[in-house]
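Next up, data.cif (mmCIF, C-alpha atoms and all ligand atoms):
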```
data_entry
loop_
_atom_site.label_atom_id
_atom_site.label_comp_id
_atom_site.auth_asym_id
_atom_site.auth_seq_id
_atom_site.Cartn_x
_atom_site.Cartn_y
_atom_site.Cartn_z
CA MET A 1 0.66 -37.46 57.52
CA SER A 2 3.68 -38.38 55.34
CA LYS A 3 3.92 -36.78 51.92
CA PRO A 4 2.33 -39.05 49.25
CA GLN A 5 4.40 -40.13 46.24
CA PRO A 6 3.75 -38.35 42.92
CA HIS A 7 1.16 -40.27 40.92
CA LYS A 8 1.52 -41.33 37.30
CA ALA A 9 -1.87 -41.64 35.53
CA ARG A 10 -2.88 -45.29 35.07
CA LYS A 11 -4.49 -46.27 31.81
CA ARG A 12 -6.09 -49.41 33.22
CA PHE A 13 -8.07 -47.26 35.68
CA GLY A 14 -9.14 -44.85 32.92
CA GLN A 15 -7.29 -41.97 34.59
CA ASN A 16 -7.56 -38.62 32.83
CA PHE A 17 -7.39 -35.95 35.51
CA LEU A 18 -9.30 -32.70 35.07
CA HIS A 19 -7.08 -29.65 35.45
CA ASP A 20 -9.22 -26.95 33.82
CA HIS A 21 -10.70 -24.88 36.65
CA GLY A 22 -13.19 -23.17 34.33
CA VAL A 23 -14.61 -26.58 33.35
CA ILE A 24 -14.63 -27.76 36.97
CA ARG A 25 -16.60 -24.64 38.01
CA LYS A 26 -19.05 -25.17 35.16
CA ILE A 27 -19.66 -28.82 36.16
CA VAL A 28 -20.20 -27.87 39.81
CA ALA A 29 -22.65 -25.13 38.68
CA CYS A 30 -24.62 -27.75 36.66
CA ILE A 31 -24.72 -30.08 39.66
CA GLY A 32 -25.80 -27.24 41.96
CA PRO A 33 -24.81 -28.91 45.27
CA LYS A 34 -26.65 -27.82 48.43
CA LYS A 35 -25.64 -28.11 52.05
CA GLY A 36 -26.96 -31.31 53.62
CA GLN A 37 -27.31 -33.21 50.35
CA ARG A 38 -25.76 -36.66 50.11
CA ILE A 39 -23.50 -36.56 47.08
CA VAL A 40 -21.50 -39.62 46.04
CA GLU A 41 -18.59 -39.26 43.63
CA ILE A 42 -17.28 -42.16 41.56
CA GLY A 43 -13.52 -41.98 40.92
CA PRO A 44 -12.54 -38.80 42.80
CA GLY A 45 -8.91 -39.19 41.71
CA LYS A 46 -6.95 -36.38 43.34
CA GLY A 47 -10.13 -34.49 44.20
CA ALA A 48 -10.42 -31.97 41.35
CA LEU A 49 -14.22 -32.13 41.32
CA THR A 50 -14.63 -33.26 44.92
CA GLU A 51 -13.46 -30.00 46.47
CA GLY A 52 -15.94 -27.84 44.50
CA ILE A 53 -18.77 -29.98 45.87
CA ILE A 54 -17.71 -30.74 49.45
CA SER A 55 -16.91 -27.06 50.07
CA VAL A 56 -20.70 -26.55 49.79
CA THR A 57 -22.20 -29.82 51.11
CA GLU A 58 -19.55 -30.24 53.88
CA ARG A 59 -19.88 -34.01 53.65
CA MET A 60 -19.42 -36.41 50.80
CA ASP A 61 -18.88 -40.08 49.97
CA VAL A 62 -16.38 -41.03 47.29
CA VAL A 63 -15.69 -44.44 45.74
CA GLU A 64 -12.13 -44.89 44.45
CA LEU A 65 -10.52 -48.11 43.20
CA ASP A 66 -6.89 -46.97 42.93
CA ARG A 67 -5.59 -47.21 46.49
CA ASP A 68 -2.46 -45.19 45.61
CA LEU A 69 -4.64 -42.13 44.96
CA ILE A 70 -6.31 -42.21 48.36
CA PRO A 71 -3.43 -40.65 50.39
CA ILE A 72 -3.16 -37.88 47.76
CA LEU A 73 -6.91 -37.28 47.98
CA ARG A 74 -6.78 -37.15 51.79
CA VAL A 75 -3.93 -34.63 51.74
CA ASN A 76 -5.66 -32.45 49.14
CA LEU A 77 -8.95 -32.50 51.07
CA PHE A 78 -7.60 -32.50 54.64
CA ARG A 79 -9.88 -29.58 55.51
CA TYR A 80 -13.00 -31.74 55.19
CA PRO A 81 -13.39 -34.22 58.07
CA ASP A 82 -16.73 -35.48 56.71
CA LEU A 83 -15.26 -36.87 53.50
CA THR A 84 -15.89 -40.64 53.54
CA VAL A 85 -13.60 -42.57 51.22
CA HIS A 86 -14.79 -46.02 50.09
CA GLU A 87 -11.81 -47.88 48.69
CA ALA A 88 -13.90 -50.02 46.36
CA ASP A 89 -14.82 -50.97 42.82
CA ALA A 90 -17.79 -48.83 41.76
CA MET A 91 -18.90 -51.69 39.48
CA LYS A 92 -19.60 -53.78 42.59
CA PHE A 93 -20.57 -50.98 44.95
CA ASP A 94 -24.02 -51.01 46.57
CA PHE A 95 -25.05 -47.36 46.11
CA THR A 96 -28.44 -48.04 47.73
CA SER A 97 -26.56 -48.54 51.03
CA LEU A 98 -25.86 -44.77 51.10
CA SER A 99 -29.47 -43.68 50.59
CA THR A 100 -32.31 -43.63 53.11
CA GLU A 101 -36.12 -43.58 52.80
CA GLU A 102 -35.96 -39.81 53.35
CA GLN A 103 -32.88 -38.99 51.29
CA ALA A 104 -31.92 -40.25 47.86
CA ILE A 105 -28.27 -39.84 46.83
CA ARG A 106 -26.92 -37.66 44.04
CA VAL A 107 -24.18 -39.37 42.03
CA VAL A 108 -21.45 -37.53 40.15
CA GLY A 109 -18.16 -38.37 38.48
CA ASN A 110 -15.68 -37.93 35.72
CA LEU A 111 -16.03 -41.62 34.95
CA PRO A 112 -13.28 -44.00 33.86
CA TYR A 113 -14.17 -44.26 30.16
CA ASN A 114 -13.13 -47.89 29.83
CA ILE A 115 -16.00 -49.05 32.09
CA SER A 116 -18.53 -46.23 31.67
CA THR A 117 -21.28 -48.23 29.89
CA PRO A 118 -21.39 -51.23 32.28
CA LEU A 119 -21.09 -48.79 35.19
CA ILE A 120 -24.15 -46.87 33.96
CA PHE A 121 -26.10 -50.14 33.70
CA HIS A 122 -25.02 -50.97 37.27
CA LEU A 123 -26.30 -47.55 38.44
CA LEU A 124 -29.57 -47.80 36.49
CA SER A 125 -30.35 -51.01 38.37
CA GLN A 126 -30.17 -48.93 41.58
CA ALA A 127 -32.02 -45.91 40.17
CA ARG A 128 -34.66 -45.98 42.93
CA ALA A 129 -32.00 -44.78 45.41
CA ILE A 130 -30.75 -41.99 43.16
CA GLU A 131 -32.10 -38.44 42.80
CA ASP A 132 -29.89 -37.55 39.85
CA MET A 133 -26.54 -38.28 38.18
CA HIS A 134 -24.05 -35.93 36.52
CA PHE A 135 -21.25 -37.58 34.59
CA MET A 136 -18.37 -36.64 32.36
CA LEU A 137 -18.20 -39.28 29.64
CA GLN A 138 -16.80 -39.77 26.21
CA LYS A 139 -18.99 -37.51 24.03
CA GLU A 140 -20.09 -40.48 21.95
CA VAL A 141 -21.47 -42.23 25.04
CA VAL A 142 -23.42 -39.08 26.01
CA ASP A 143 -24.79 -38.95 22.44
CA ARG A 144 -25.87 -42.59 22.77
CA LEU A 145 -27.55 -41.98 26.13
CA ALA A 146 -29.49 -38.98 24.82
CA ALA A 147 -30.24 -40.29 21.27
CA ARG A 148 -33.85 -40.28 20.09
CA PRO A 149 -35.54 -42.88 17.85
CA GLY A 150 -34.18 -42.56 14.31
CA ASP A 151 -30.80 -41.10 15.39
CA SER A 152 -27.80 -43.09 14.18
CA LEU A 153 -26.54 -43.66 17.75
CA TYR A 154 -29.96 -44.69 19.13
CA GLY A 155 -29.68 -48.20 20.59
CA ARG A 156 -29.79 -50.39 23.66
CA LEU A 157 -28.07 -47.84 25.93
CA SER A 158 -30.49 -45.06 24.85
CA VAL A 159 -33.59 -47.18 25.48
CA MET A 160 -32.51 -48.52 28.87
CA ALA A 161 -31.26 -45.11 30.11
CA GLN A 162 -34.45 -43.39 28.94
CA TYR A 163 -36.64 -46.11 30.47
CA TYR A 164 -35.32 -45.09 33.89
CA CYS A 165 -34.28 -41.46 33.45
CA ALA A 166 -34.76 -38.12 31.77
CA VAL A 167 -31.44 -37.63 29.95
CA GLU A 168 -29.93 -34.23 29.09
CA SER A 169 -26.66 -33.63 27.30
CA LEU A 170 -25.24 -30.46 28.91
CA PHE A 171 -21.93 -29.38 27.33
CA ILE A 172 -18.82 -30.61 25.53
CA VAL A 173 -15.34 -30.64 27.06
CA GLY A 174 -12.25 -30.81 24.83
CA PRO A 175 -9.25 -33.12 25.44
CA GLU A 176 -7.02 -30.20 26.53
CA SER A 177 -8.92 -29.94 29.85
CA PHE A 178 -7.40 -33.25 31.05
CA ASP A 179 -4.03 -34.62 31.96
CA PRO A 180 -3.23 -36.82 30.12
CA ALA A 181 -5.43 -35.61 27.25
CA PRO A 182 -7.82 -38.32 25.97
CA LYS A 183 -8.03 -38.87 22.19
CA VAL A 184 -11.69 -37.86 21.94
CA ASP A 185 -14.09 -35.13 23.07
CA SER A 186 -15.96 -35.57 26.33
CA ALA A 187 -19.35 -34.27 27.42
CA ILE A 188 -21.38 -33.78 30.57
CA VAL A 189 -24.69 -35.58 30.92
CA ARG A 190 -27.46 -35.21 33.52
CA MET A 191 -29.64 -38.26 34.16
CA THR A 192 -32.65 -37.83 36.43
CA PRO A 193 -34.41 -41.11 37.39
CA TYR A 194 -38.20 -40.98 37.24
CA LYS A 195 -39.93 -41.70 40.55
CA THR A 196 -41.95 -44.24 38.54
CA PRO A 197 -41.02 -44.91 34.90
CA PRO A 198 -43.67 -43.30 32.64
CA HIS A 199 -44.19 -46.67 30.87
CA PRO A 200 -43.45 -49.37 33.45
CA VAL A 201 -42.71 -53.01 32.64
CA ASN A 202 -43.60 -55.89 34.94
CA ASP A 203 -40.17 -57.50 34.63
CA ILE A 204 -37.10 -55.39 33.91
CA LYS A 205 -34.95 -58.39 32.91
CA LYS A 206 -37.49 -59.14 30.18
CA LEU A 207 -37.29 -55.56 28.89
CA GLU A 208 -33.47 -55.87 28.78
CA ASP A 209 -33.83 -59.13 26.77
CA ILE A 210 -36.39 -57.68 24.37
CA VAL A 211 -34.27 -54.57 23.73
CA ARG A 212 -31.11 -56.65 23.25
CA ILE A 213 -32.81 -59.00 20.78
CA GLY A 214 -34.39 -56.04 18.95
CA PHE A 215 -31.01 -54.38 18.33
CA GLN A 216 -29.09 -57.59 17.64
CA GLN A 217 -28.80 -56.64 13.98
CA ARG A 218 -29.73 -52.99 13.67
CA ARG A 219 -29.75 -52.99 9.85
CA LYS A 220 -32.34 -55.81 9.82
CA THR A 221 -36.11 -55.50 10.27
CA LEU A 222 -37.95 -56.21 13.49
CA ARG A 223 -39.46 -59.32 11.85
CA ASN A 224 -35.96 -60.66 11.33
CA ASN A 225 -34.60 -59.81 14.76
CA TYR A 226 -37.67 -61.14 16.59
CA LYS A 227 -37.88 -64.41 14.61
CA GLY A 228 -39.06 -67.10 17.04
CA VAL A 229 -40.21 -64.45 19.54
CA LEU A 230 -42.96 -62.53 17.68
CA ASP A 231 -45.02 -63.65 14.68
CA ASN A 232 -47.23 -61.50 12.41
CA ASP A 233 -50.22 -61.83 14.76
CA ASP A 234 -48.09 -60.68 17.68
CA PHE A 235 -46.85 -57.62 15.75
CA ALA A 236 -50.48 -56.80 14.92
CA ALA A 237 -51.49 -57.23 18.57
CA VAL A 238 -48.85 -54.70 19.74
CA ASN A 239 -49.59 -52.45 16.75
CA ILE A 240 -45.99 -52.37 15.46
CA ASP A 241 -44.98 -52.63 11.81
CA PRO A 242 -42.62 -55.66 11.51
CA THR A 243 -40.88 -54.16 8.46
CA LEU A 244 -39.41 -51.32 10.55
CA ARG A 245 -35.83 -51.31 11.80
CA PRO A 246 -35.33 -51.38 15.56
CA GLU A 247 -34.07 -47.79 15.75
CA ARG A 248 -37.63 -46.60 14.89
CA LEU A 249 -39.11 -47.92 18.17
CA ASP A 250 -39.37 -45.66 21.20
CA VAL A 251 -39.21 -46.73 24.84
CA GLU A 252 -42.99 -47.13 25.00
CA ASP A 253 -42.95 -49.51 22.00
CA PHE A 254 -40.33 -51.74 23.66
CA VAL A 255 -42.34 -51.68 26.90
CA ARG A 256 -45.51 -52.67 25.00
CA ILE A 257 -43.72 -55.61 23.37
CA THR A 258 -42.26 -56.68 26.72
CA ASN A 259 -45.56 -56.61 28.61
CA TYR A 260 -47.28 -58.43 25.72
CA VAL A 261 -44.66 -61.21 25.73
CA LEU A 262 -44.84 -61.49 29.54
CA ASN A 263 -48.61 -61.75 29.34
CA LYS A 264 -48.42 -64.39 26.63
CA GLU A 265 -45.91 -66.45 28.61
CA GLY A 266 -48.33 -66.24 31.56
N1 LIG B 301 -12.33 -37.19 39.31
C1 LIG B 301 -10.94 -37.11 38.90
C2 LIG B 301 -10.77 -35.93 37.96
O1 LIG B 301 -11.77 -35.49 37.40
O2 LIG B 301 -9.64 -35.47 37.81
C3 LIG B 301 -10.45 -38.40 38.24
C4 LIG B 301 -11.23 -38.86 37.02
S1 LIG B 301 -10.49 -40.22 36.14
C5 LIG B 301 -11.23 -40.00 34.53
C6 LIG B 301 -11.36 -41.67 36.70
C7 LIG B 301 -11.19 -42.04 38.16
O3 LIG B 301 -11.94 -43.24 38.43
C8 LIG B 301 -9.77 -42.33 38.58
O4 LIG B 301 -9.52 -41.75 39.82
C9 LIG B 301 -9.72 -43.88 38.68
O5 LIG B 301 -8.73 -44.36 39.56
C10 LIG B 301 -11.12 -44.16 39.17
N2 LIG B 301 -11.60 -45.52 38.87
C11 LIG B 301 -11.30 -46.31 37.81
N3 LIG B 301 -11.99 -47.46 37.86
C12 LIG B 301 -12.77 -47.39 38.97
C13 LIG B 301 -13.71 -48.28 39.58
N4 LIG B 301 -14.00 -49.46 39.03
N5 LIG B 301 -14.30 -47.91 40.74
C14 LIG B 301 -14.02 -46.69 41.31
N6 LIG B 301 -13.13 -45.81 40.78
C15 LIG B 301 -12.52 -46.15 39.63
#
```

Could you spell out this file's structure in structure tokens?
Amino acid sequence: MSKPQPHKARKRFGQNFLHDHGVIRKIVACIGPKKGQRIVEIGPGKGALTEGIISVTERMDVVELDRDLIPILRVNLFRYPDLTVHEADAMKFDFTSLSTEEQAIRVVGNLPYNISTPLIFHLLSQARAIEDMHFMLQKEVVDRLAARPGDSLYGRLSVMAQYYCAVESLFIVGPESFDPAPKVDSAIVRMTPYKTPPHPVNDIKKLEDIVRIGFQQRRKTLRNNYKGVLDNDDFAAVNIDPTLRPERLDVEDFVRITNYVLNKEG
């Protein structure tokens, strides 16, 4: 194998490479990989996190968009013949294709921050194939994912993530652990999809619509945001006070509204 060229971090691919071995060990300990598990890493980069995992599981799938990183990754991980590299865009990747009836996948990654929210939505839509997810994200995104009703960062991302998953914020990582250093703090989050959501909706697209409409103007009341969708009788039927702001509703409230609207539409 010829020696790969040195790689300059690319901003457009959200490249901030982890170089802090203490942090890498701590993330791997949180993931707790076991031999035989099917772990899929998004954006392995040069393999900083990959090696800590594949040295235990012995096999791994990674999805990397930057083709110039792949020869570097292969050189760094040459000891592991069962590393499968998918040169692909994780935003379009079918993660369900790597799971089986018997074995759900575990997904990990120090995600490219520029696409982390749409990428999480893409993964949530495939949650049935996923046992759990551990991600490094901008701390603010982790705070949004884990926010509870009434928190200032509680919004659409919190509701949709918590519809599908139990969400735990694990620990904060400072900019100095990366090269180049990002401008903001990062954090590790664990998201564990429920086998069946505790409050299921009959149509997930409808829940997405209802949550989006509800948070359209977060300083306004529910009555305002749901004008043309819910009238006073409807609010009474779902037992929700229309003078509240959307950030007061929990996942179950949004599910109740959604199933009510679906029922009404027949
Ligand atoms: N895991 C490495 C580490 O911790 O040092 C790299 C993390 S870096 C923050 C993000 C990685 O995701 C980069 O390797 C980047 O090329 C890759 N990436 C960016 N966009 C991607 C996409 N759409 N699909 C797959 N990988 C992507």

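Excluding region 250-255 of chain A itself and same-chain residues fewer than 6 positions from it, the residues having an atom within 8 Å of it are Arg148, Pro149, Val159, Gln162, Tyr163, His199, Pro200, Val201, Leu207, Ile210, Val211 and Ile240 of chain A, counting all atoms listed in the file.
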
Distance query region 220-234 of chain A at most 12 Å, all atoms listed in the file, self and fewer than 4 positions along chain excluded, as a PyMOL selection string:
chain A and resi 209-216+238-249+253-254+256-265

For a quick check of understanding, using all atoms listed in the file, which of A:Ile115, A:Leu83, A:Met160, A:Cys165 has the smallest distance to Glu58 (chain A)?
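Ranking A:Ile115, A:Leu83, A:Met160, A:Cys165 by distance to Glu58 (chain A), first place goes to A:Leu83.
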
Non-local contacts of Pro118 (chain A) (10 Å; all atoms listed in the file; under 6 positions in same chain excluded) as a list in words
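Listed by chain and then number, they are Met91, Leu124 and Leu157 of chain A.
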
Within-8 Å residues of ligand LIG 301 (chain B), basis only C-alpha atoms and all ligand atoms, as a ChimeraX atom specification:
/A:10,12-19,41-50,63-66,69,87-92,109-113,115,178

Please produce a file of those selected residues containing C-alpha atoms, as a PDB file, in the coordinates of the input.
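part01.pdb, freshly written:
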```pdb
ATOM      1  CA  ARG A  10      -2.880 -45.290  35.070  1.00  0.00           C
ATOM      2  CA  ARG A  12      -6.090 -49.410  33.220  1.00  0.00           C
ATOM      3  CA  PHE A  13      -8.070 -47.260  35.680  1.00  0.00           C
ATOM      4  CA  GLY A  14      -9.140 -44.850  32.920  1.00  0.00           C
ATOM      5  CA  GLN A  15      -7.290 -41.970  34.590  1.00  0.00           C
ATOM      6  CA  ASN A  16      -7.560 -38.620  32.830  1.00  0.00           C
ATOM      7  CA  PHE A  17      -7.390 -35.950  35.510  1.00  0.00           C
ATOM      8  CA  LEU A  18      -9.300 -32.700  35.070  1.00  0.00           C
ATOM      9  CA  HIS A  19      -7.080 -29.650  35.450  1.00  0.00           C
ATOM     10  CA  GLU A  41     -18.590 -39.260  43.630  1.00  0.00           C
ATOM     11  CA  ILE A  42     -17.280 -42.160  41.560  1.00  0.00           C
ATOM     12  CA  GLY A  43     -13.520 -41.980  40.920  1.00  0.00           C
ATOM     13  CA  PRO A  44     -12.540 -38.800  42.800  1.00  0.00           C
ATOM     14  CA  GLY A  45      -8.910 -39.190  41.710  1.00  0.00           C
ATOM     15  CA  LYS A  46      -6.950 -36.380  43.340  1.00  0.00           C
ATOM     16  CA  GLY A  47     -10.130 -34.490  44.200  1.00  0.00           C
ATOM     17  CA  ALA A  48     -10.420 -31.970  41.350  1.00  0.00           C
ATOM     18  CA  LEU A  49     -14.220 -32.130  41.320  1.00  0.00           C
ATOM     19  CA  THR A  50     -14.630 -33.260  44.920  1.00  0.00           C
ATOM     20  CA  VAL A  63     -15.690 -44.440  45.740  1.00  0.00           C
ATOM     21  CA  GLU A  64     -12.130 -44.890  44.450  1.00  0.00           C
ATOM     22  CA  LEU A  65     -10.520 -48.110  43.200  1.00  0.00           C
ATOM     23  CA  ASP A  66      -6.890 -46.970  42.930  1.00  0.00           C
ATOM     24  CA  LEU A  69      -4.640 -42.130  44.960  1.00  0.00           C
ATOM     25  CA  GLU A  87     -11.810 -47.880  48.690  1.00  0.00           C
ATOM     26  CA  ALA A  88     -13.900 -50.020  46.360  1.00  0.00           C
ATOM     27  CA  ASP A  89     -14.820 -50.970  42.820  1.00  0.00           C
ATOM     28  CA  ALA A  90     -17.790 -48.830  41.760  1.00  0.00           C
ATOM     29  CA  MET A  91     -18.900 -51.690  39.480  1.00  0.00           C
ATOM     30  CA  LYS A  92     -19.600 -53.780  42.590  1.00  0.00           C
ATOM     31  CA  GLY A 109     -18.160 -38.370  38.480  1.00  0.00           C
ATOM     32  CA  ASN A 110     -15.680 -37.930  35.720  1.00  0.00           C
ATOM     33  CA  LEU A 111     -16.030 -41.620  34.950  1.00  0.00           C
ATOM     34  CA  PRO A 112     -13.280 -44.000  33.860  1.00  0.00           C
ATOM     35  CA  TYR A 113     -14.170 -44.260  30.160  1.00  0.00           C
ATOM     36  CA  ILE A 115     -16.000 -49.050  32.090  1.00  0.00           C
ATOM     37  CA  PHE A 178      -7.400 -33.250  31.050  1.00  0.00           C
TER      38      PHE A 178
END
```

Contacts of region 179-188 of chain A within 8 Å, only C-alpha atoms, excl. fewer than 6 positions in-chain, as a ChimeraX atom specification
/A:9,15-19,27,134-140,142,169-173

Could you write out the selected residues, including C-alpha atoms, as a PDB file, in the frame of the given file?
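Below is the file that was written, selection_0.pdb:
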```pdb
ATOM      1  CA  ALA A   9      -1.870 -41.640  35.530  1.00  0.00           C
ATOM      2  CA  GLN A  15      -7.290 -41.970  34.590  1.00  0.00           C
ATOM      3  CA  ASN A  16      -7.560 -38.620  32.830  1.00  0.00           C
ATOM      4  CA  PHE A  17      -7.390 -35.950  35.510  1.00  0.00           C
ATOM      5  CA  LEU A  18      -9.300 -32.700  35.070  1.00  0.00           C
ATOM      6  CA  HIS A  19      -7.080 -29.650  35.450  1.00  0.00           C
ATOM      7  CA  ILE A  27     -19.660 -28.820  36.160  1.00  0.00           C
ATOM      8  CA  HIS A 134     -24.050 -35.930  36.520  1.00  0.00           C
ATOM      9  CA  PHE A 135     -21.250 -37.580  34.590  1.00  0.00           C
ATOM     10  CA  MET A 136     -18.370 -36.640  32.360  1.00  0.00           C
ATOM     11  CA  LEU A 137     -18.200 -39.280  29.640  1.00  0.00           C
ATOM     12  CA  GLN A 138     -16.800 -39.770  26.210  1.00  0.00           C
ATOM     13  CA  LYS A 139     -18.990 -37.510  24.030  1.00  0.00           C
ATOM     14  CA  GLU A 140     -20.090 -40.480  21.950  1.00  0.00           C
ATOM     15  CA  VAL A 142     -23.420 -39.080  26.010  1.00  0.00           C
ATOM     16  CA  SER A 169     -26.660 -33.630  27.300  1.00  0.00           C
ATOM     17  CA  LEU A 170     -25.240 -30.460  28.910  1.00  0.00           C
ATOM     18  CA  PHE A 171     -21.930 -29.380  27.330  1.00  0.00           C
ATOM     19  CA  ILE A 172     -18.820 -30.610  25.530  1.00  0.00           C
ATOM     20  CA  VAL A 173     -15.340 -30.640  27.060  1.00  0.00           C
TER      21      VAL A 173
END
```

Could you give me the axis-aligned bounding box of region 152-171 of chain A, with 3 Å of padding per side, as centre plus edge lengths in Å to one decimal, as AutoDock Vina command-line options?
```
--center_x -29.3 --center_y -39.9 --center_z 24.0 --size_x 20.7 --size_y 27.0 --size_z 25.7
```

Which polymer residues have any atom within 12 Å of an atom of Gly52 (chain A), counting only C-alpha atoms, with same-chain residues fewer than 5 positions away left out, as an MDAnalysis selection string?
chainID A and resid 21:34 39 41 44 47 57:60 77 80 108

Write a file of the selected residues as a CSV table (one decimal), in the coordinates of the input, keeping C-alpha atoms.
```csv
chain,number,residue,atom,x,y,z
A,21,HIS,CA,-10.7,-24.9,36.6
A,22,GLY,CA,-13.2,-23.2,34.3
A,23,VAL,CA,-14.6,-26.6,33.4
A,24,ILE,CA,-14.6,-27.8,37.0
A,25,ARG,CA,-16.6,-24.6,38.0
A,26,LYS,CA,-19.0,-25.2,35.2
A,27,ILE,CA,-19.7,-28.8,36.2
A,28,VAL,CA,-20.2,-27.9,39.8
A,29,ALA,CA,-22.6,-25.1,38.7
A,30,CYS,CA,-24.6,-27.8,36.7
A,31,ILE,CA,-24.7,-30.1,39.7
A,32,GLY,CA,-25.8,-27.2,42.0
A,33,PRO,CA,-24.8,-28.9,45.3
A,34,LYS,CA,-26.6,-27.8,48.4
A,39,ILE,CA,-23.5,-36.6,47.1
A,41,GLU,CA,-18.6,-39.3,43.6
A,44,PRO,CA,-12.5,-38.8,42.8
A,47,GLY,CA,-10.1,-34.5,44.2
A,57,THR,CA,-22.2,-29.8,51.1
A,58,GLU,CA,-19.6,-30.2,53.9
A,59,ARG,CA,-19.9,-34.0,53.6
A,60,MET,CA,-19.4,-36.4,50.8
A,77,LEU,CA,-9.0,-32.5,51.1
A,80,TYR,CA,-13.0,-31.7,55.2
A,108,VAL,CA,-21.4,-37.5,40.2
```

Length of the CA of Asn76 (chain A) to CA of Glu51 (chain A) vector [Å]:
8.6 Å

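Atom pair CA of Tyr154 (chain A) / CA of Pro175 (chain A): separated by 24.5 Å.
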
For a test of reading the model, state the distance in Å between CA of Glu102 (chain A) and CA of Gln37 (chain A), rounded to one decimal.
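A separation of 11.3 Å between them.
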
Residues within 7 Å of (-24.5, -41.6, 39.6), file coordinates, counting all atoms listed in the file: what are they? Give the list as a PyMOL selection string.
chain A and resi 106-108+123+132-134

Once you count only C-alpha atoms, which residues end up no further than 12 Å from (-30.9, -47.9, 38.0) in the file's frame, shown as a ChimeraX atom specification?
/A:94-96,107,118-133,160-165,191-197,204

For the residues selected in the previous step, produce a file with C-alpha atoms as a compact mmCIF listing (two decimals), in the coordinates of the input.
```txt
# COMPACT_ATOMS: atom_id res chain seq x y z
CA ASP A 94 -24.02 -51.01 46.57
CA PHE A 95 -25.05 -47.36 46.11
CA THR A 96 -28.44 -48.04 47.73
CA VAL A 107 -24.18 -39.37 42.03
CA PRO A 118 -21.39 -51.23 32.28
CA LEU A 119 -21.09 -48.79 35.19
CA ILE A 120 -24.15 -46.87 33.96
CA PHE A 121 -26.10 -50.14 33.70
CA HIS A 122 -25.02 -50.97 37.27
CA LEU A 123 -26.30 -47.55 38.44
CA LEU A 124 -29.57 -47.80 36.49
CA SER A 125 -30.35 -51.01 38.37
CA GLN A 126 -30.17 -48.93 41.58
CA ALA A 127 -32.02 -45.91 40.17
CA ARG A 128 -34.66 -45.98 42.93
CA ALA A 129 -32.00 -44.78 45.41
CA ILE A 130 -30.75 -41.99 43.16
CA GLU A 131 -32.10 -38.44 42.80
CA ASP A 132 -29.89 -37.55 39.85
CA MET A 133 -26.54 -38.28 38.18
CA MET A 160 -32.51 -48.52 28.87
CA ALA A 161 -31.26 -45.11 30.11
CA GLN A 162 -34.45 -43.39 28.94
CA TYR A 163 -36.64 -46.11 30.47
CA TYR A 164 -35.32 -45.09 33.89
CA CYS A 165 -34.28 -41.46 33.45
CA MET A 191 -29.64 -38.26 34.16
CA THR A 192 -32.65 -37.83 36.43
CA PRO A 193 -34.41 -41.11 37.39
CA TYR A 194 -38.20 -40.98 37.24
CA LYS A 195 -39.93 -41.70 40.55
CA THR A 196 -41.95 -44.24 38.54
CA PRO A 197 -41.02 -44.91 34.90
CA ILE A 204 -37.10 -55.39 33.91
```

Reconstruct N, CA and C atoms of region 240-250 of chain A from the incomplete input and present them as a PDB file, in the coordinates of the input.
```
ATOM      1  N   ILE A 240     -47.325 -52.795  15.927  1.00  0.00           N
ATOM      2  CA  ILE A 240     -45.990 -52.370  15.460  1.00  0.00           C
ATOM      3  C   ILE A 240     -45.741 -52.999  14.089  1.00  0.00           C
ATOM      4  N   ASP A 241     -45.249 -52.198  13.170  1.00  0.00           N
ATOM      5  CA  ASP A 241     -44.980 -52.630  11.810  1.00  0.00           C
ATOM      6  C   ASP A 241     -43.696 -53.473  11.790  1.00  0.00           C
ATOM      7  N   PRO A 242     -43.802 -54.780  11.437  1.00  0.00           N
ATOM      8  CA  PRO A 242     -42.620 -55.660  11.510  1.00  0.00           C
ATOM      9  C   PRO A 242     -41.554 -55.341  10.461  1.00  0.00           C
ATOM     10  N   THR A 243     -41.880 -54.471   9.485  1.00  0.00           N
ATOM     11  CA  THR A 243     -40.880 -54.160   8.460  1.00  0.00           C
ATOM     12  C   THR A 243     -39.971 -52.993   8.889  1.00  0.00           C
ATOM     13  N   LEU A 244     -40.264 -52.423  10.058  1.00  0.00           N
ATOM     14  CA  LEU A 244     -39.410 -51.320  10.550  1.00  0.00           C
ATOM     15  C   LEU A 244     -38.072 -51.859  11.053  1.00  0.00           C
ATOM     16  N   ARG A 245     -37.089 -50.961  11.130  1.00  0.00           N
ATOM     17  CA  ARG A 245     -35.830 -51.310  11.800  1.00  0.00           C
ATOM     18  C   ARG A 245     -35.947 -50.942  13.281  1.00  0.00           C
ATOM     19  N   PRO A 246     -35.157 -51.590  14.118  1.00  0.00           N
ATOM     20  CA  PRO A 246     -35.330 -51.380  15.560  1.00  0.00           C
ATOM     21  C   PRO A 246     -35.169 -49.929  16.010  1.00  0.00           C
ATOM     22  N   GLU A 247     -34.336 -49.163  15.291  1.00  0.00           N
ATOM     23  CA  GLU A 247     -34.070 -47.790  15.750  1.00  0.00           C
ATOM     24  C   GLU A 247     -35.298 -46.883  15.627  1.00  0.00           C
ATOM     25  N   ARG A 248     -36.391 -47.404  15.010  1.00  0.00           N
ATOM     26  CA  ARG A 248     -37.630 -46.600  14.890  1.00  0.00           C
ATOM     27  C   ARG A 248     -38.496 -46.714  16.146  1.00  0.00           C
ATOM     28  N   LEU A 249     -38.235 -47.709  17.003  1.00  0.00           N
ATOM     29  CA  LEU A 249     -39.110 -47.920  18.170  1.00  0.00           C
ATOM     30  C   LEU A 249     -38.709 -47.018  19.327  1.00  0.00           C
ATOM     31  N   ASP A 250     -39.710 -46.444  20.009  1.00  0.00           N
ATOM     32  CA  ASP A 250     -39.370 -45.660  21.200  1.00  0.00           C
ATOM     33  C   ASP A 250     -39.502 -46.546  22.446  1.00  0.00           C
TER      34      ASP A 250
END
```
